[in-house]
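Enquirer: Got a structure here, written out as structure tokens. Questions coming.
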Amino acid sequence: MLGAAGAVPGTLLGIVIAYLLASDFAVKYVDVAFGFGISAPVVVASLVIGPVLAVAASLPALRRELRRPVAETLAGEATAGYGSGWLDRIAARTGPVSGADLPGSLRMGTRNALRSKRRSAATIAQVAVAAGLAISLLALGQSIHAVIGQTIGKLNFSFGAGEAAGRGARPFTSRALAVAAATPGVTGAQPVEQSAVQYGSQYYAADGLGSHPLYSCHLSAGHWFTAAQTAAASAGAAVPPVVLGPAVATVSGARAGQTLTFTLPQGPIRARVIGIDTIDIDGGAVVYFPLPVLERLDGTPGASDVMWVSTASSSHAAIDRAAAAVASRLASAGFPAGTQEIYVIQQQTTTAENSFLAILEILGALIVVIMLIGLASSLGMGVLERTREVGILRCLGARARHIRRVFSAEAVTLALAGWVAGIGAGWLIYQGLIALVRRYLHLTLPQEFPAAIPLVTLAGVVVLTLLVIRGPLRRATRIQPGTALRYQ
């Protein structure tokens, strides 16, 4: 009954959250408004899984109690108390409960965490999963931030200029490059040819670059095009060289020196792999050709459809002025073009990434809160089971703050133990997320797991623990001594 009571509102809340998330993803990433839809099998499974999990969770304790002799159960005997196990003895000698430096109420609270070991272990496991999820999501965010910064940092130009479609545009010739390079504030302009190739059943971006492009590649194998290779390719070499992005290299399994066959609109072409890049430009799904080769294959030898322009100043205002001036001069020379500043791309990418991470972190926070509710439940059961003890403490002169200190120490002890276990769990979950991103998105994320993330998570776990135990603590401090001593 409890499982069903939780499954019904949980399923309704899940439908609402799923719809809001789907709509948010659609508008932000594909600019499409989704209609409302419900998957009947998922709803049925959600309704069924609540009672099933509730019953399954009760089976271990139920089985343990049913195996006890009836006489012992009726007499209230055979309850393992604190001090009878080896863990209790070790804690009594070496743990915080053994010393006199801590107040007695704190030592008592720490001891109470060992009294019901199975319940404490379950609570620690819940906190560990919650802390591990929080740590892994924060670390994933750091990795995504790092890969964006590394990718944008490899582009050594300020803005790109491309053909303005539909306005009589024509490819950029050497004259267009000269016009752009002569613009005040511009330090250089390089031609770039952009196209697409097919390998197997997948399509990939194709970029034609020179031997010294305004792009700092970082190769894991092989080398970039040399001037001699570029010249040979210009002369019409039968098998031109290519450098593969990391996603293409992963899918094809190619190595430096291997020959692959790509398909272009003009037909198939064989190319020899001379290098493997590690930078995730275009998600790593790009094949780099020597500029003359791709210009010839696209049917525009000696002319490109994009140019990269570098500026003397890196300020946004100076880049904007230079981009506007280049576009104006190119249009006057008969090369209408549009421009795209690199810093704008970085801001747009960062904004989208922050939105995605915010959704993940909100979901992670909800999971953390749900997991920590188990801590409040465990402490609430402890208050009920130790009602007589609370009454005795109150009769001995313990005040409300002493009672709060006892149960707070128990809760914080369980939370800290869960956090310690959560560090390892978070690392494993983080590695799993990195592997999933690499396998399904073909994106290699850098390993970013700074020590500050577990420390931030520790602060969050302690704060949330102190918040969720306020209810059990209020109940414990309001117990009247006479009522507690008569409690059965």
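For the structure tokens, the naming scheme is as follows: chains receive sequential letters (A, B, ...) according to their order of presentation, residues are indexed from 1 within each chain, and ligands are indexed from 1 in presentation order.
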Please extract the residues of stretch 162-393 of chain A with a backbone DSSP assignment of strand (DSSP E or B) and present them as a ChimeraX atom specification.

Expert: /A:162-163,172,186-199,202-209,215,219-222,241-244,259-264,267-277,286-290,304,306-311,337-341

Enquirer: So that I can see what lies close to A:Thr183, please list as a list in words the residues with an atom at most 12 Å from it, counting only C-alpha atoms and leaving out residues fewer than 6 positions away in the same chain.

Expert: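 The contact residues come out as Ala176, Leu177, Ala189, Val309, Ser310, Thr311, Ala312, Ile319, Arg321, Ala322, Ala323, Ala324, Ala325, Val326, Ala327, Ser328, Arg329 and Leu330 of chain A.
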
Enquirer: Now that the selection is made, can you save its residues with N, CA and C atoms as a PDB file, in the first residue's frame?

Expert:
ATOM      1  N   ALA A 176      40.114  38.221 -53.083  1.00  0.00           N
ATOM      2  CA  ALA A 176      39.290  38.390 -51.880  1.00  0.00           C
ATOM      3  C   ALA A 176      40.153  38.293 -50.627  1.00  0.00           C
ATOM      4  N   LEU A 177      41.105  37.362 -50.622  1.00  0.00           N
ATOM      5  CA  LEU A 177      41.993  37.248 -49.473  1.00  0.00           C
ATOM      6  C   LEU A 177      42.825  38.504 -49.284  1.00  0.00           C
ATOM      7  N   ALA A 189      44.747  36.571 -43.297  1.00  0.00           N
ATOM      8  CA  ALA A 189      43.554  35.861 -43.767  1.00  0.00           C
ATOM      9  C   ALA A 189      43.992  34.581 -44.465  1.00  0.00           C
ATOM     10  N   VAL A 309      40.121  34.815 -40.458  1.00  0.00           N
ATOM     11  CA  VAL A 309      40.745  36.131 -40.359  1.00  0.00           C
ATOM     12  C   VAL A 309      41.213  36.353 -38.924  1.00  0.00           C
ATOM     13  N   SER A 310      42.467  36.756 -38.783  1.00  0.00           N
ATOM     14  CA  SER A 310      43.014  37.088 -37.465  1.00  0.00           C
ATOM     15  C   SER A 310      43.135  38.596 -37.330  1.00  0.00           C
ATOM     16  N   THR A 311      42.981  39.084 -36.102  1.00  0.00           N
ATOM     17  CA  THR A 311      43.022  40.522 -35.841  1.00  0.00           C
ATOM     18  C   THR A 311      44.139  40.853 -34.865  1.00  0.00           C
ATOM     19  N   ALA A 312      44.535  42.143 -34.884  1.00  0.00           N
ATOM     20  CA  ALA A 312      45.620  42.586 -33.998  1.00  0.00           C
ATOM     21  C   ALA A 312      45.170  42.615 -32.550  1.00  0.00           C
ATOM     22  N   ILE A 319      37.221  43.164 -32.621  1.00  0.00           N
ATOM     23  CA  ILE A 319      36.886  42.070 -33.537  1.00  0.00           C
ATOM     24  C   ILE A 319      35.614  42.401 -34.306  1.00  0.00           C
ATOM     25  N   ARG A 321      34.474  45.396 -35.071  1.00  0.00           N
ATOM     26  CA  ARG A 321      34.771  46.435 -36.067  1.00  0.00           C
ATOM     27  C   ARG A 321      35.489  45.838 -37.265  1.00  0.00           C
ATOM     28  N   ALA A 322      36.469  44.966 -36.995  1.00  0.00           N
ATOM     29  CA  ALA A 322      37.213  44.358 -38.098  1.00  0.00           C
ATOM     30  C   ALA A 322      36.304  43.468 -38.944  1.00  0.00           C
ATOM     31  N   ALA A 323      35.413  42.697 -38.307  1.00  0.00           N
ATOM     32  CA  ALA A 323      34.513  41.828 -39.054  1.00  0.00           C
ATOM     33  C   ALA A 323      33.573  42.635 -39.942  1.00  0.00           C
ATOM     34  N   ALA A 324      33.031  43.746 -39.401  1.00  0.00           N
ATOM     35  CA  ALA A 324      32.138  44.588 -40.205  1.00  0.00           C
ATOM     36  C   ALA A 324      32.893  45.220 -41.374  1.00  0.00           C
ATOM     37  N   ALA A 325      34.137  45.655 -41.114  1.00  0.00           N
ATOM     38  CA  ALA A 325      34.915  46.270 -42.184  1.00  0.00           C
ATOM     39  C   ALA A 325      35.264  45.259 -43.274  1.00  0.00           C
ATOM     40  N   VAL A 326      35.633  44.043 -42.896  1.00  0.00           N
ATOM     41  CA  VAL A 326      35.962  43.009 -43.881  1.00  0.00           C
ATOM     42  C   VAL A 326      34.736  42.673 -44.717  1.00  0.00           C
ATOM     43  N   ALA A 327      33.583  42.512 -44.082  1.00  0.00           N
ATOM     44  CA  ALA A 327      32.367  42.197 -44.830  1.00  0.00           C
ATOM     45  C   ALA A 327      32.018  43.308 -45.810  1.00  0.00           C
ATOM     46  N   SER A 328      32.173  44.555 -45.386  1.00  0.00           N
ATOM     47  CA  SER A 328      31.869  45.684 -46.266  1.00  0.00           C
ATOM     48  C   SER A 328      32.828  45.740 -47.462  1.00  0.00           C
ATOM     49  N   ARG A 329      34.105  45.560 -47.206  1.00  0.00           N
ATOM     50  CA  ARG A 329      35.086  45.617 -48.296  1.00  0.00           C
ATOM     51  C   ARG A 329      34.916  44.450 -49.261  1.00  0.00           C
ATOM     52  N   LEU A 330      34.623  43.263 -48.728  1.00  0.00           N
ATOM     53  CA  LEU A 330      34.412  42.125 -49.618  1.00  0.00           C
ATOM     54  C   LEU A 330      33.183  42.337 -50.496  1.00  0.00           C
TER      55      LEU A 330
END

Enquirer: Going by DSSP on the backbone, which residues of stretch 283-436 of chain A come out as alpha helix (DSSP H)? List them as a PyMOL selection string.

Expert: chain A and resi 291-297+316-332+342-385+387-395+400-436

Enquirer: Write to file, as a short mmCIF file (atom, residue, chain, number, x, y, z; two decimals), in the first residue's frame, the residues of the selection just made, with C-alpha atoms.

Expert:
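As written to disk, out.cif reads:
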data_model
loop_
_atom_site.label_atom_id
_atom_site.label_comp_id
_atom_site.auth_asym_id
_atom_site.auth_seq_id
_atom_site.Cartn_x
_atom_site.Cartn_y
_atom_site.Cartn_z
CA LEU A 291 43.38 22.80 -49.28
CA PRO A 292 44.13 22.34 -53.03
CA VAL A 293 42.74 18.79 -52.98
CA LEU A 294 39.37 19.70 -51.52
CA GLU A 295 39.08 22.80 -53.72
CA ARG A 296 39.64 20.63 -56.79
CA LEU A 297 37.21 17.97 -55.61
CA HIS A 316 35.32 41.94 -28.69
CA ALA A 317 34.75 45.51 -29.86
CA ALA A 318 37.86 45.46 -32.06
CA ILE A 319 36.89 42.07 -33.54
CA ASP A 320 33.38 43.35 -34.30
CA ARG A 321 34.77 46.43 -36.07
CA ALA A 322 37.21 44.36 -38.10
CA ALA A 323 34.51 41.83 -39.05
CA ALA A 324 32.14 44.59 -40.20
CA ALA A 325 34.91 46.27 -42.18
CA VAL A 326 35.96 43.01 -43.88
CA ALA A 327 32.37 42.20 -44.83
CA SER A 328 31.87 45.68 -46.27
CA ARG A 329 35.09 45.62 -48.30
CA LEU A 330 34.41 42.12 -49.62
CA ALA A 331 30.91 43.15 -50.71
CA SER A 332 32.33 46.20 -52.50
CA ILE A 342 34.78 33.01 -32.50
CA TYR A 343 33.91 34.57 -29.17
CA VAL A 344 30.21 34.52 -30.13
CA ILE A 345 30.43 30.81 -30.94
CA GLN A 346 32.11 30.20 -27.59
CA GLN A 347 29.40 32.13 -25.73
CA GLN A 348 26.63 30.26 -27.55
CA THR A 349 28.26 26.89 -26.92
CA THR A 350 28.86 27.69 -23.27
CA THR A 351 25.26 28.87 -22.81
CA ALA A 352 23.85 25.68 -24.33
CA GLU A 353 26.25 23.55 -22.30
CA ASN A 354 25.35 25.37 -19.09
CA SER A 355 21.64 24.80 -19.78
CA PHE A 356 22.27 21.10 -20.31
CA LEU A 357 24.38 20.83 -17.16
CA ALA A 358 21.82 22.79 -15.15
CA ILE A 359 19.17 20.21 -16.08
CA LEU A 360 21.50 17.37 -15.10
CA GLU A 361 22.38 19.05 -11.83
CA ILE A 362 18.71 19.70 -10.99
CA LEU A 363 17.91 16.04 -11.61
CA GLY A 364 20.97 15.05 -9.59
CA ALA A 365 19.89 17.34 -6.72
CA LEU A 366 16.44 15.74 -6.72
CA ILE A 367 18.03 12.31 -6.53
CA VAL A 368 20.30 13.47 -3.69
CA VAL A 369 17.35 14.84 -1.72
CA ILE A 370 15.36 11.63 -2.25
CA MET A 371 18.31 9.55 -1.12
CA LEU A 372 18.82 11.67 2.00
CA ILE A 373 15.20 11.14 2.96
CA GLY A 374 16.34 7.62 3.81
CA LEU A 375 18.65 9.18 6.39
CA ALA A 376 15.71 11.00 7.98
CA SER A 377 13.73 7.75 7.99
CA SER A 378 16.56 5.89 9.67
CA LEU A 379 16.93 8.55 12.32
CA GLY A 380 13.16 8.66 12.87
CA MET A 381 13.14 4.92 13.51
CA GLY A 382 16.04 5.38 15.90
CA VAL A 383 14.08 7.98 17.84
CA LEU A 384 11.11 5.62 18.18
CA GLU A 385 13.27 2.68 19.21
CA THR A 387 12.15 6.52 23.30
CA ARG A 388 12.77 4.98 26.73
CA GLU A 389 16.44 5.99 26.55
CA VAL A 390 15.43 9.56 25.77
CA GLY A 391 13.14 9.52 28.81
CA ILE A 392 15.95 8.26 31.03
CA LEU A 393 18.32 10.95 29.72
CA ARG A 394 15.72 13.63 30.38
CA CYS A 395 15.24 12.30 33.94
CA ALA A 400 16.84 19.45 24.57
CA ARG A 401 20.19 20.53 23.14
CA HIS A 402 21.83 17.39 24.52
CA ILE A 403 19.19 15.18 22.87
CA ARG A 404 19.61 17.06 19.59
CA ARG A 405 23.37 16.61 19.84
CA VAL A 406 23.03 12.83 20.31
CA PHE A 407 20.89 12.28 17.22
CA SER A 408 22.70 14.92 15.15
CA ALA A 409 26.00 13.16 15.85
CA GLU A 410 24.48 9.86 14.72
CA ALA A 411 23.11 11.41 11.51
CA VAL A 412 26.34 13.24 10.68
CA THR A 413 28.35 10.07 11.34
CA LEU A 414 26.22 8.12 8.87
CA ALA A 415 26.37 10.98 6.34
CA LEU A 416 30.17 11.23 6.59
CA ALA A 417 30.53 7.47 6.14
CA GLY A 418 28.26 7.66 3.10
CA TRP A 419 30.26 10.58 1.70
CA VAL A 420 33.53 8.66 2.04
CA ALA A 421 32.02 5.73 0.16
CA GLY A 422 30.47 8.17 -2.30
CA ILE A 423 33.87 9.45 -3.42
CA GLY A 424 34.73 6.05 -4.84
CA ALA A 425 31.22 5.59 -6.22
CA GLY A 426 31.38 9.05 -7.83
CA TRP A 427 34.67 8.23 -9.52
CA LEU A 428 33.23 5.01 -10.95
CA ILE A 429 30.05 6.73 -12.14
CA TYR A 430 32.14 9.53 -13.67
CA GLN A 431 34.27 7.05 -15.57
CA GLY A 432 31.11 5.34 -16.80
CA LEU A 433 29.70 8.66 -18.05
CA ILE A 434 32.98 9.48 -19.81
CA ALA A 435 32.90 6.06 -21.50
CA LEU A 436 29.27 6.51 -22.58
#

Enquirer: Please identify all polymer residues within 7 Å of A:Ile135, counting only C-alpha atoms, omitting same-chain residues fewer than 2 positions from it, and present them as a list in words.

Expert: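 Neighbouring residues, sequence-local ones excluded: Ala131, Gly132, Leu133, Leu137, Leu138, Ala139, Gly426, Ile453, Pro454 and Thr457 of chain A.
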
Enquirer: Just how far from atom CA of A:Arg107 is atom CA of A:Val456, in Å to one decimal?

Expert: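 Atom CA of A:Arg107 lies 26.4 Å from atom CA of A:Val456.
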
Enquirer: If we count only C-alpha atoms and set the cut-off at 9 Å, which residues sit around A:Gln266, ignoring sequence neighbours fewer than 2 positions away in its own chain? Please answer as a PyMOL selection string.

Expert: chain A and resi 263-264+268-269+297-299

Enquirer: For stretch 338-340 of chain A, please output as a list in words all residues within 6 Å (counting only C-alpha atoms; exclusion window: fewer than 2 positions along the same chain).

Expert: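 Skipping anything fewer than 2 positions along the chain leaves Phe159, Gly160, Ala161, Gly162 and Ala164 of chain A.
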
Enquirer: Would you kindly return, as a ChimeraX atom specification, each protein, DNA or RNA residue with an atom no farther than 10 Å from any atom of A:Ser46, considering only C-alpha atoms and excluding same-chain residues fewer than 4 positions away?

Expert: /A:4,7-8,10-12,14,40-42,50-51

Enquirer: Hey, could you make a per-residue contact list for stretch 266-382 of chain A against stretch 245-254 of chain A with 6 Å as the cut-off, showing the nearest pair of atoms and its distance in Å to one decimal, counting only C-alpha atoms, sorted by chain and number, as JSON lines?

Expert:
{"residue": "A:Asp277", "atom": "CA", "partner": "A:Gly245", "partner_atom": "CA", "distance": 5.0}
{"residue": "A:Thr278", "atom": "CA", "partner": "A:Pro246", "partner_atom": "CA", "distance": 5.3}
{"residue": "A:Gly284", "atom": "CA", "partner": "A:Gly245", "partner_atom": "CA", "distance": 4.7}
{"residue": "A:Ala285", "atom": "CA", "partner": "A:Ala247", "partner_atom": "CA", "distance": 5.0}
{"residue": "A:Val286", "atom": "CA", "partner": "A:Gly245", "partner_atom": "CA", "distance": 5.1}
{"residue": "A:Val287", "atom": "CA", "partner": "A:Gly245", "partner_atom": "CA", "distance": 5.9}

Enquirer: Can you list, as an MDAnalysis selection string, every protein, DNA or RNA residue that comes within 6 Å of stretch 209-220 of chain A when you count only C-alpha atoms, leaving out same-chain residues fewer than 2 positions away?

Expert: chainID A and resid 154:156 192 225:227 276:278 290:291

Enquirer: So how far away is atom CA of A:Ile274 from atom CA of A:Val242, in Å?

Expert: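 Result for atom CA of A:Val242 versus atom CA of A:Ile274: 6.0 Å, one decimal.
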
Enquirer: Please indicate the distance in Å from atom CA of A:Thr187 to atom CA of A:Arg175, rounded to one decimal place.

Expert: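 A separation of 16.1 Å between them.
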